[in-house]
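Asker: Pasting target.tsv below, which is TSV, N, CA, C and O atoms.
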```tsv
chain	number	residue	atom	x	y	z
A	252	MET	N	1.38	-8.86	-30.34
A	252	MET	CA	2.63	-9.03	-29.64
A	252	MET	C	3.67	-9.52	-30.63
A	252	MET	O	3.37	-10.30	-31.51
A	253	LEU	N	4.88	-9.10	-30.42
A	253	LEU	CA	5.97	-9.48	-31.30
A	253	LEU	C	6.44	-10.90	-31.05
A	253	LEU	O	6.31	-11.42	-29.94
A	254	GLN	N	7.00	-11.47	-32.08
A	254	GLN	CA	7.64	-12.76	-31.94
A	254	GLN	C	8.93	-12.57	-31.14
A	254	GLN	O	9.55	-11.50	-31.20
A	255	PRO	N	9.34	-13.57	-30.37
A	255	PRO	CA	10.61	-13.45	-29.63
A	255	PRO	C	11.76	-13.14	-30.59
A	255	PRO	O	11.78	-13.63	-31.72
A	256	THR	N	12.67	-12.32	-30.16
A	256	THR	CA	13.82	-11.92	-30.96
A	256	THR	C	15.09	-12.25	-30.20
A	256	THR	O	15.18	-11.99	-29.00
A	257	ARG	N	16.06	-12.80	-30.89
A	257	ARG	CA	17.33	-13.15	-30.25
A	257	ARG	C	18.29	-11.97	-30.34
A	257	ARG	O	18.31	-11.24	-31.32
A	258	THR	N	19.07	-11.84	-29.28
A	258	THR	CA	20.17	-10.88	-29.25
A	258	THR	C	21.25	-11.50	-28.38
A	258	THR	O	21.01	-12.51	-27.73
A	259	LYS	N	22.42	-10.90	-28.36
A	259	LYS	CA	23.52	-11.45	-27.58
A	259	LYS	C	24.03	-10.42	-26.59
A	259	LYS	O	23.90	-9.22	-26.79
A	260	VAL	N	24.62	-10.94	-25.52
A	260	VAL	CA	25.30	-10.08	-24.57
A	260	VAL	C	26.60	-9.65	-25.24
A	260	VAL	O	27.39	-10.49	-25.68
A	261	GLY	N	26.79	-8.35	-25.35
A	261	GLY	CA	27.96	-7.83	-26.05
A	261	GLY	C	29.08	-7.44	-25.09
A	261	GLY	O	29.08	-7.84	-23.92
A	262	PRO	N	30.02	-6.65	-25.62
A	262	PRO	CA	31.15	-6.20	-24.79
A	262	PRO	C	30.65	-5.47	-23.54
A	262	PRO	O	29.64	-4.78	-23.56
A	263	ARG	N	31.36	-5.69	-22.46
A	263	ARG	CA	31.04	-5.07	-21.16
A	263	ARG	C	29.65	-5.46	-20.65
A	263	ARG	O	29.03	-4.73	-19.89
A	264	GLY	N	29.11	-6.59	-21.10
A	264	GLY	CA	27.83	-7.08	-20.60
A	264	GLY	C	26.62	-6.34	-21.14
A	264	GLY	O	25.52	-6.47	-20.62
A	265	ARG	N	26.79	-5.60	-22.20
A	265	ARG	CA	25.67	-4.84	-22.77
A	265	ARG	C	24.77	-5.72	-23.62
A	265	ARG	O	25.23	-6.60	-24.33
A	266	VAL	N	23.47	-5.44	-23.55
A	266	VAL	CA	22.49	-6.14	-24.37
A	266	VAL	C	21.74	-5.08	-25.17
A	266	VAL	O	21.25	-4.10	-24.61
A	267	THR	N	21.65	-5.29	-26.47
A	267	THR	CA	20.93	-4.35	-27.33
A	267	THR	C	19.49	-4.82	-27.46
A	267	THR	O	19.23	-5.98	-27.79
A	268	VAL	N	18.57	-3.91	-27.20
A	268	VAL	CA	17.15	-4.22	-27.38
A	268	VAL	C	16.83	-3.94	-28.85
A	268	VAL	O	16.99	-2.81	-29.31
A	269	PRO	N	16.38	-4.95	-29.57
A	269	PRO	CA	16.09	-4.74	-30.99
A	269	PRO	C	15.10	-3.60	-31.22
A	269	PRO	O	14.19	-3.37	-30.40
A	270	VAL	N	15.26	-2.89	-32.32
A	270	VAL	CA	14.43	-1.74	-32.62
A	270	VAL	C	12.95	-2.12	-32.67
A	270	VAL	O	12.10	-1.36	-32.17
A	271	ALA	N	12.62	-3.25	-33.20
A	271	ALA	CA	11.21	-3.66	-33.28
A	271	ALA	C	10.61	-3.78	-31.88
A	271	ALA	O	9.46	-3.39	-31.64
A	272	VAL	N	11.39	-4.31	-30.93
A	272	VAL	CA	10.91	-4.43	-29.56
A	272	VAL	C	10.78	-3.05	-28.93
A	272	VAL	O	9.79	-2.75	-28.25
A	273	GLN	N	11.76	-2.18	-29.16
A	273	GLN	CA	11.70	-0.82	-28.63
A	273	GLN	C	10.43	-0.11	-29.12
A	273	GLN	O	9.72	0.53	-28.34
A	274	ARG	N	10.17	-0.23	-30.40
A	274	ARG	CA	8.97	0.43	-30.96
A	274	ARG	C	7.69	-0.17	-30.38
A	274	ARG	O	6.74	0.56	-30.09
A	275	ALA	N	7.67	-1.48	-30.23
A	275	ALA	CA	6.46	-2.15	-29.72
A	275	ALA	C	6.11	-1.70	-28.31
A	275	ALA	O	4.93	-1.62	-27.96
A	276	VAL	N	7.11	-1.39	-27.50
A	276	VAL	CA	6.84	-0.99	-26.11
A	276	VAL	C	6.97	0.52	-25.90
A	276	VAL	O	6.80	1.01	-24.80
A	277	GLY	N	7.29	1.25	-26.97
A	277	GLY	CA	7.34	2.71	-26.89
A	277	GLY	C	8.61	3.28	-26.29
A	277	GLY	O	8.60	4.38	-25.74
A	278	LEU	N	9.71	2.55	-26.37
A	278	LEU	CA	10.99	3.05	-25.87
A	278	LEU	C	11.67	3.91	-26.92
A	278	LEU	O	11.65	3.57	-28.10
A	279	THR	N	12.26	4.99	-26.49
A	279	THR	CA	13.06	5.83	-27.38
A	279	THR	C	14.42	6.06	-26.75
A	279	THR	O	14.61	5.83	-25.54
A	280	GLU	N	15.34	6.52	-27.53
A	280	GLU	CA	16.70	6.75	-27.05
A	280	GLU	C	16.68	7.68	-25.83
A	280	GLU	O	15.99	8.69	-25.82
A	281	GLY	N	17.40	7.28	-24.79
A	281	GLY	CA	17.49	8.08	-23.57
A	281	GLY	C	16.46	7.73	-22.51
A	281	GLY	O	16.54	8.24	-21.39
A	282	ASP	N	15.47	6.89	-22.85
A	282	ASP	CA	14.47	6.49	-21.85
A	282	ASP	C	15.14	5.68	-20.75
A	282	ASP	O	16.06	4.90	-21.00
A	283	GLU	N	14.68	5.87	-19.53
A	283	GLU	CA	15.18	5.11	-18.39
A	283	GLU	C	14.43	3.79	-18.31
A	283	GLU	O	13.21	3.74	-18.49
A	284	VAL	N	15.17	2.73	-18.06
A	284	VAL	CA	14.56	1.42	-17.83
A	284	VAL	C	15.13	0.83	-16.56
A	284	VAL	O	16.24	1.17	-16.14
A	285	ILE	N	14.36	-0.03	-15.94
A	285	ILE	CA	14.78	-0.70	-14.73
A	285	ILE	C	14.87	-2.19	-15.06
A	285	ILE	O	13.92	-2.76	-15.61
A	286	ILE	N	16.01	-2.76	-14.74
A	286	ILE	CA	16.27	-4.16	-15.05
A	286	ILE	C	16.35	-4.93	-13.74
A	286	ILE	O	17.04	-4.52	-12.82
A	287	ARG	N	15.61	-6.05	-13.67
A	287	ARG	CA	15.68	-6.85	-12.46
A	287	ARG	C	15.73	-8.33	-12.82
A	287	ARG	O	15.12	-8.77	-13.80
A	288	ALA	N	16.49	-9.06	-12.04
A	288	ALA	CA	16.59	-10.50	-12.21
A	288	ALA	C	15.43	-11.15	-11.48
A	288	ALA	O	15.22	-10.90	-10.30
A	289	VAL	N	14.69	-11.98	-12.17
A	289	VAL	CA	13.53	-12.64	-11.58
A	289	VAL	C	13.91	-14.03	-11.08
A	289	VAL	O	13.53	-14.42	-9.99
A	290	SER	N	14.63	-14.74	-11.87
A	290	SER	CA	15.11	-16.08	-11.52
A	290	SER	C	16.29	-16.38	-12.45
A	290	SER	O	16.55	-15.61	-13.37
A	291	PRO	N	17.00	-17.47	-12.24
A	291	PRO	CA	18.13	-17.76	-13.11
A	291	PRO	C	17.72	-17.76	-14.59
A	291	PRO	O	16.79	-18.45	-14.98
A	292	GLY	N	18.37	-16.92	-15.36
A	292	GLY	CA	18.09	-16.84	-16.79
A	292	GLY	C	16.92	-15.96	-17.18
A	292	GLY	O	16.60	-15.82	-18.35
A	293	VAL	N	16.23	-15.37	-16.20
A	293	VAL	CA	15.07	-14.53	-16.50
A	293	VAL	C	15.32	-13.11	-16.01
A	293	VAL	O	15.60	-12.88	-14.83
A	294	VAL	N	15.24	-12.16	-16.95
A	294	VAL	CA	15.46	-10.75	-16.65
A	294	VAL	C	14.24	-9.98	-17.15
A	294	VAL	O	13.73	-10.24	-18.23
A	295	VAL	N	13.77	-9.02	-16.35
A	295	VAL	CA	12.64	-8.19	-16.75
A	295	VAL	C	13.15	-6.76	-16.91
A	295	VAL	O	13.88	-6.24	-16.06
A	296	VAL	N	12.75	-6.14	-18.01
A	296	VAL	CA	13.12	-4.74	-18.29
A	296	VAL	C	11.82	-3.96	-18.33
A	296	VAL	O	10.92	-4.26	-19.11
A	297	GLU	N	11.70	-2.94	-17.46
A	297	GLU	CA	10.49	-2.14	-17.39
A	297	GLU	C	10.83	-0.66	-17.28
A	297	GLU	O	11.87	-0.30	-16.71
A	298	THR	N	9.94	0.17	-17.75
A	298	THR	CA	10.10	1.61	-17.52
A	298	THR	C	9.55	1.92	-16.13
A	298	THR	O	8.69	1.19	-15.62
A	299	PRO	N	10.02	3.01	-15.52
A	299	PRO	CA	9.45	3.39	-14.22
A	299	PRO	C	7.93	3.56	-14.27
A	299	PRO	O	7.23	3.17	-13.34
A	300	GLN	N	7.43	4.11	-15.37
A	300	GLN	CA	5.98	4.31	-15.49
A	300	GLN	C	5.24	2.97	-15.55
A	300	GLN	O	4.18	2.81	-14.96
A	301	ALA	N	5.82	1.99	-16.23
A	301	ALA	CA	5.19	0.66	-16.30
A	301	ALA	C	5.11	0.03	-14.92
A	301	ALA	O	4.12	-0.61	-14.57
A	302	ILE	N	6.15	0.23	-14.11
A	302	ILE	CA	6.15	-0.31	-12.75
A	302	ILE	C	5.06	0.37	-11.92
A	302	ILE	O	4.29	-0.28	-11.22
A	303	LYS	N	4.98	1.71	-12.03
A	303	LYS	CA	3.94	2.44	-11.29
A	303	LYS	C	2.55	1.97	-11.71
A	303	LYS	O	1.68	1.76	-10.86
A	304	ASP	N	2.35	1.81	-13.01
A	304	ASP	CA	1.03	1.36	-13.50
A	304	ASP	C	0.70	-0.03	-12.99
A	304	ASP	O	-0.44	-0.30	-12.61
A	305	ARG	N	1.69	-0.93	-12.97
A	305	ARG	CA	1.48	-2.30	-12.49
A	305	ARG	C	1.11	-2.29	-11.01
A	305	ARG	O	0.20	-3.00	-10.58
A	306	ILE	N	1.79	-1.46	-10.23
A	306	ILE	CA	1.51	-1.39	-8.79
A	306	ILE	C	0.12	-0.80	-8.56
A	306	ILE	O	-0.67	-1.31	-7.77
A	307	ARG	N	-0.19	0.27	-9.27
A	307	ARG	CA	-1.50	0.91	-9.10
A	307	ARG	C	-2.64	-0.01	-9.50
A	307	ARG	O	-3.72	0.04	-8.92
A	308	ALA	N	-2.41	-0.86	-10.49
A	308	ALA	CA	-3.45	-1.79	-10.94
A	308	ALA	C	-3.80	-2.78	-9.84
A	308	ALA	O	-4.92	-3.28	-9.80
A	309	GLY	N	-2.87	-3.04	-8.92
A	309	GLY	CA	-3.13	-3.98	-7.84
A	309	GLY	C	-3.76	-3.36	-6.62
A	309	GLY	O	-4.11	-4.06	-5.68
A	310	ILE	N	-3.93	-2.05	-6.61
A	310	ILE	CA	-4.51	-1.37	-5.45
A	310	ILE	C	-6.02	-1.29	-5.64
A	310	ILE	O	-6.50	-0.79	-6.65
A	311	PRO	N	-6.80	-1.78	-4.68
A	311	PRO	CA	-8.26	-1.72	-4.81
A	311	PRO	C	-8.75	-0.28	-4.88
A	311	PRO	O	-8.13	0.64	-4.36
A	312	GLU	N	-9.89	-0.11	-5.53
A	312	GLU	CA	-10.48	1.22	-5.68
A	312	GLU	C	-10.70	1.92	-4.35
A	312	GLU	O	-10.52	3.11	-4.23
A	313	THR	N	-11.12	1.18	-3.32
A	313	THR	CA	-11.41	1.80	-2.03
A	313	THR	C	-10.16	2.40	-1.40
A	313	THR	O	-10.26	3.31	-0.59
A	314	ALA	N	-8.98	1.89	-1.77
A	314	ALA	CA	-7.75	2.41	-1.18
A	314	ALA	C	-7.49	3.85	-1.61
A	314	ALA	O	-6.85	4.60	-0.90
A	315	GLU	N	-8.01	4.25	-2.77
A	315	GLU	CA	-7.80	5.62	-3.24
A	315	GLU	C	-8.53	6.62	-2.36
A	315	GLU	O	-8.14	7.78	-2.27
A	316	THR	N	-9.60	6.20	-1.71
A	316	THR	CA	-10.37	7.10	-0.87
A	316	THR	C	-10.05	6.91	0.61
A	316	THR	O	-10.78	7.36	1.47
A	317	PHE	N	-8.96	6.22	0.88
A	317	PHE	CA	-8.55	5.96	2.26
A	317	PHE	C	-8.23	7.28	2.96
A	317	PHE	O	-7.48	8.10	2.46
A	318	ASP	N	-8.83	7.49	4.11
A	318	ASP	CA	-8.59	8.70	4.89
A	318	ASP	C	-8.16	8.27	6.29
A	318	ASP	O	-8.99	7.94	7.14
A	319	ALA	N	-6.86	8.26	6.52
A	319	ALA	CA	-6.31	7.77	7.79
A	319	ALA	C	-6.81	8.60	8.96
A	319	ALA	O	-7.14	8.06	10.02
A	320	VAL	N	-6.89	9.91	8.79
A	320	VAL	CA	-7.32	10.79	9.89
A	320	VAL	C	-8.76	10.46	10.30
A	320	VAL	O	-9.05	10.32	11.48
A	321	ALA	N	-9.62	10.29	9.32
A	321	ALA	CA	-11.02	9.97	9.63
A	321	ALA	C	-11.12	8.61	10.31
A	321	ALA	O	-11.90	8.44	11.25
A	322	ASP	N	-10.33	7.66	9.84
A	322	ASP	CA	-10.36	6.33	10.46
A	322	ASP	C	-9.88	6.38	11.90
A	322	ASP	O	-10.45	5.74	12.78
A	323	ILE	N	-8.83	7.14	12.17
A	323	ILE	CA	-8.31	7.26	13.53
A	323	ILE	C	-9.34	7.94	14.43
A	323	ILE	O	-9.57	7.51	15.56
A	324	ARG	N	-9.97	8.99	13.92
A	324	ARG	CA	-11.00	9.67	14.71
A	324	ARG	C	-12.16	8.74	15.02
A	324	ARG	O	-12.68	8.73	16.14
A	325	ALA	N	-12.58	7.95	14.03
A	325	ALA	CA	-13.68	7.02	14.26
A	325	ALA	C	-13.30	5.98	15.31
A	325	ALA	O	-14.11	5.66	16.19
A	326	LEU	N	-12.09	5.47	15.22
A	326	LEU	CA	-11.64	4.50	16.22
A	326	LEU	C	-11.58	5.13	17.61
A	326	LEU	O	-11.98	4.52	18.60
A	327	ARG	N	-11.09	6.37	17.69
A	327	ARG	CA	-11.00	7.06	18.97
A	327	ARG	C	-12.40	7.27	19.56
A	327	ARG	O	-12.63	7.04	20.75
A	328	ASP	N	-13.34	7.69	18.71
A	328	ASP	CA	-14.70	7.92	19.19
A	328	ASP	C	-15.35	6.62	19.66
A	328	ASP	O	-16.03	6.59	20.69
A	329	THR	N	-15.12	5.55	18.91
A	329	THR	CA	-15.66	4.25	19.31
A	329	THR	C	-15.08	3.82	20.64
A	329	THR	O	-15.79	3.36	21.53
A	330	GLU	N	-13.77	3.99	20.78
A	330	GLU	CA	-13.11	3.61	22.04
A	330	GLU	C	-13.61	4.49	23.19
A	330	GLU	O	-13.85	4.00	24.28
A	331	SER	N	-13.79	5.76	22.93
A	331	SER	CA	-14.28	6.68	23.95
A	331	SER	C	-15.69	6.28	24.40
A	331	SER	O	-15.98	6.26	25.59
A	332	ASP	N	-16.55	5.96	23.44
A	332	ASP	CA	-17.91	5.53	23.77
A	332	ASP	C	-17.88	4.25	24.59
A	332	ASP	O	-18.63	4.09	25.55
A	333	ARG	N	-16.99	3.32	24.21
A	333	ARG	CA	-16.88	2.07	24.93
A	333	ARG	C	-16.43	2.32	26.37
A	333	ARG	O	-16.97	1.75	27.32
A	334	LEU	N	-15.44	3.19	26.54
A	334	LEU	CA	-14.95	3.48	27.88
A	334	LEU	C	-16.00	4.22	28.70
A	334	LEU	O	-16.14	3.97	29.89
A	335	ASP	N	-16.76	5.13	28.08
A	335	ASP	CA	-17.83	5.82	28.79
A	335	ASP	C	-18.88	4.82	29.27
A	335	ASP	O	-19.38	4.91	30.38
A	336	HIS	N	-19.19	3.87	28.42
A	336	HIS	CA	-20.18	2.85	28.77
A	336	HIS	C	-19.67	1.99	29.93
A	336	HIS	O	-20.43	1.64	30.83
A	337	LEU	N	-18.38	1.67	29.93
A	337	LEU	CA	-17.82	0.85	31.00
A	337	LEU	C	-17.73	1.62	32.31
A	337	LEU	O	-17.90	1.05	33.38
A	338	SER	N	-17.48	2.92	32.25
A	338	SER	CA	-17.31	3.68	33.48
A	338	SER	C	-18.66	4.05	34.10
A	338	SER	O	-18.72	4.38	35.27
A	339	LEU	N	-19.73	3.98	33.35
A	339	LEU	CA	-21.04	4.33	33.88
A	339	LEU	C	-21.42	3.46	35.07
A	339	LEU	O	-21.79	3.98	36.12
A	340	PRO	N	-21.31	2.14	35.01
A	340	PRO	CA	-21.66	1.33	36.19
A	340	PRO	C	-20.77	1.65	37.39
A	340	PRO	O	-21.22	1.60	38.52
A	341	LEU	N	-19.52	1.98	37.16
A	341	LEU	CA	-18.64	2.32	38.27
A	341	LEU	C	-19.14	3.56	39.00
A	341	LEU	O	-19.13	3.63	40.22
A	342	GLN	N	-19.59	4.54	38.24
A	342	GLN	CA	-20.12	5.76	38.85
A	342	GLN	C	-21.37	5.45	39.66
A	342	GLN	O	-21.54	5.95	40.76
A	343	GLU	N	-22.23	4.60	39.10
A	343	GLU	CA	-23.43	4.22	39.82
A	343	GLU	C	-23.08	3.48	41.10
A	343	GLU	O	-23.72	3.68	42.14
A	344	LEU	N	-22.05	2.63	41.04
A	344	LEU	CA	-21.62	1.91	42.24
A	344	LEU	C	-21.10	2.88	43.30
A	344	LEU	O	-21.33	2.70	44.49
A	345	ARG	N	-20.41	3.91	42.85
A	345	ARG	CA	-19.87	4.88	43.81
A	345	ARG	C	-21.01	5.62	44.53
A	345	ARG	O	-20.88	5.99	45.68
A	346	ASP	N	-22.09	5.86	43.81
A	346	ASP	CA	-23.21	6.60	44.38
A	346	ASP	C	-24.05	5.74	45.33
A	346	ASP	O	-24.80	6.27	46.13
A	347	GLN	N	-23.94	4.42	45.21
A	347	GLN	CA	-24.73	3.52	46.04
A	347	GLN	C	-23.98	3.28	47.36
A	347	GLN	O	-22.79	3.03	47.37
A	348	PRO	N	-24.68	3.32	48.49
A	348	PRO	CA	-24.02	2.97	49.75
A	348	PRO	C	-23.76	1.48	49.80
A	348	PRO	O	-24.51	0.69	49.22
A	349	ALA	N	-22.71	1.09	50.47
A	349	ALA	CA	-22.41	-0.33	50.63
A	349	ALA	C	-23.50	-0.95	51.48
A	349	ALA	O	-24.09	-0.30	52.36
A	350	SER	N	-23.81	-2.22	51.26
A	350	SER	CA	-24.89	-2.86	52.02
A	350	SER	C	-24.55	-2.86	53.50
A	350	SER	O	-23.46	-3.20	53.91
A	351	GLY	N	-25.51	-2.41	54.31
A	351	GLY	CA	-25.32	-2.37	55.75
A	351	GLY	C	-24.54	-1.17	56.23
A	351	GLY	O	-24.33	-1.00	57.41
A	352	ALA	N	-24.12	-0.34	55.31
A	352	ALA	CA	-23.33	0.84	55.71
A	352	ALA	C	-24.18	2.08	55.53
A	352	ALA	O	-25.16	2.09	54.83
A	353	GLY	N	-23.77	3.10	56.13
A	353	GLY	CA	-24.46	4.36	56.00
A	353	GLY	C	-24.08	5.06	54.70
A	353	GLY	O	-23.40	4.50	53.87
A	354	PRO	N	-24.51	6.30	54.56
A	354	PRO	CA	-24.20	7.05	53.34
A	354	PRO	C	-22.67	7.27	53.22
A	354	PRO	O	-21.97	7.30	54.21
A	355	PRO	N	-22.19	7.38	52.00
A	355	PRO	CA	-20.75	7.59	51.81
A	355	PRO	C	-20.31	8.91	52.42
A	355	PRO	O	-21.05	9.86	52.49
A	356	ARG	N	-19.12	8.92	52.93
A	356	ARG	CA	-18.59	10.16	53.57
A	356	ARG	C	-17.85	11.01	52.61
A	356	ARG	O	-17.22	10.68	51.74
```
Translate this file's structure into structure tokens.
Answerer:
Amino acid sequence: MLQPTRTKVGPRGRVTVPVAVQRAVGLTEGDEVIIRAVSPGVVVVETPQAIKDRIRAGIPETAETFDAVADIRALRDTESDRLDHLSLPLQELRDQPASGAGPPR
């Protein structure tokens, strides 16, 4: 890693990134960078690809194989089975005559 390098805010608020820093991080003329303020006096400069890589590094491996459709189908089937199980006693109750009453009409 490079030693910290000083630079100054120039005309129109421009800051020049020293060539040694550009080379160390692989920046070339015309590359897009994203600048964000983190806290008072702290600014982060990143390339879009660096941001994507940082975000992807935080995503667990299992998330890459996430299949929303399969998960929804599994939940639907589980719910359907649960409802079928709950409605079974109701059907049996309907088939049973009430105590002291004759057969259902």
Asker: Pick out the closest residue to Pro299 (chain A) from this set: A:Asp332, A:Glu312, A:Pro255, A:Asp282. Count only N, CA, C and O atoms.
Answerer: A:Asp282
Asker: Between region 280-322 of chain A and region 259-270 of chain A, at 12 Å or less, what are the per-residue closest atom pairs and their distances in Å? Count only C-alpha atoms, order by chain and rising residue number, and return it as CSV.
Answerer:
```
residue,atom,partner,partner_atom,distance
A:Glu280,CA,A:Val270,CA,10.4
A:Val284,CA,A:Val268,CA,11.4
A:Ile286,CA,A:Val266,CA,11.4
A:Val294,CA,A:Val266,CA,11.4
A:Val296,CA,A:Val268,CA,10.0
```
Asker: Would you mind reading off the distance between CA of Glu297 (chain A) and CA of Gly277 (chain A), one decimal, in Å?
Answerer: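 We find that CA of Glu297 (chain A) and CA of Gly277 (chain A) lie 11.1 Å from each other.
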Asker: To one decimal place in Å, what is the distance between CA of Thr256 (chain A) and CA of Asp304 (chain A)?
Answerer: 25.4 Å
Asker: Which distance in Å separates atom C of Ala301 (chain A) and atom N of Glu283 (chain A), to one decimal?
Answerer: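 Computing the Euclidean distance for atom C of Ala301 (chain A) and atom N of Glu283 (chain A) yields 12.1 Å.
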Asker: Extending 4 Å beyond the listed atoms of region 259-273 of chain A on each side, what axis-aligned box results? I want centre and edge lengths in Å to one decimal, as AutoDock Vina command-line options.
Answerer:
```
--center_x 20.4 --center_y -5.5 --center_z -26.6 --size_x 29.9 --size_y 20.0 --size_z 21.4
```
Asker: Write out as a ChimeraX atom specification all residues of region 265-311 of chain A that DSSP puts in helix (DSSP H, G or I) for this structure's backbone.
Answerer: /A:270-276,299-308
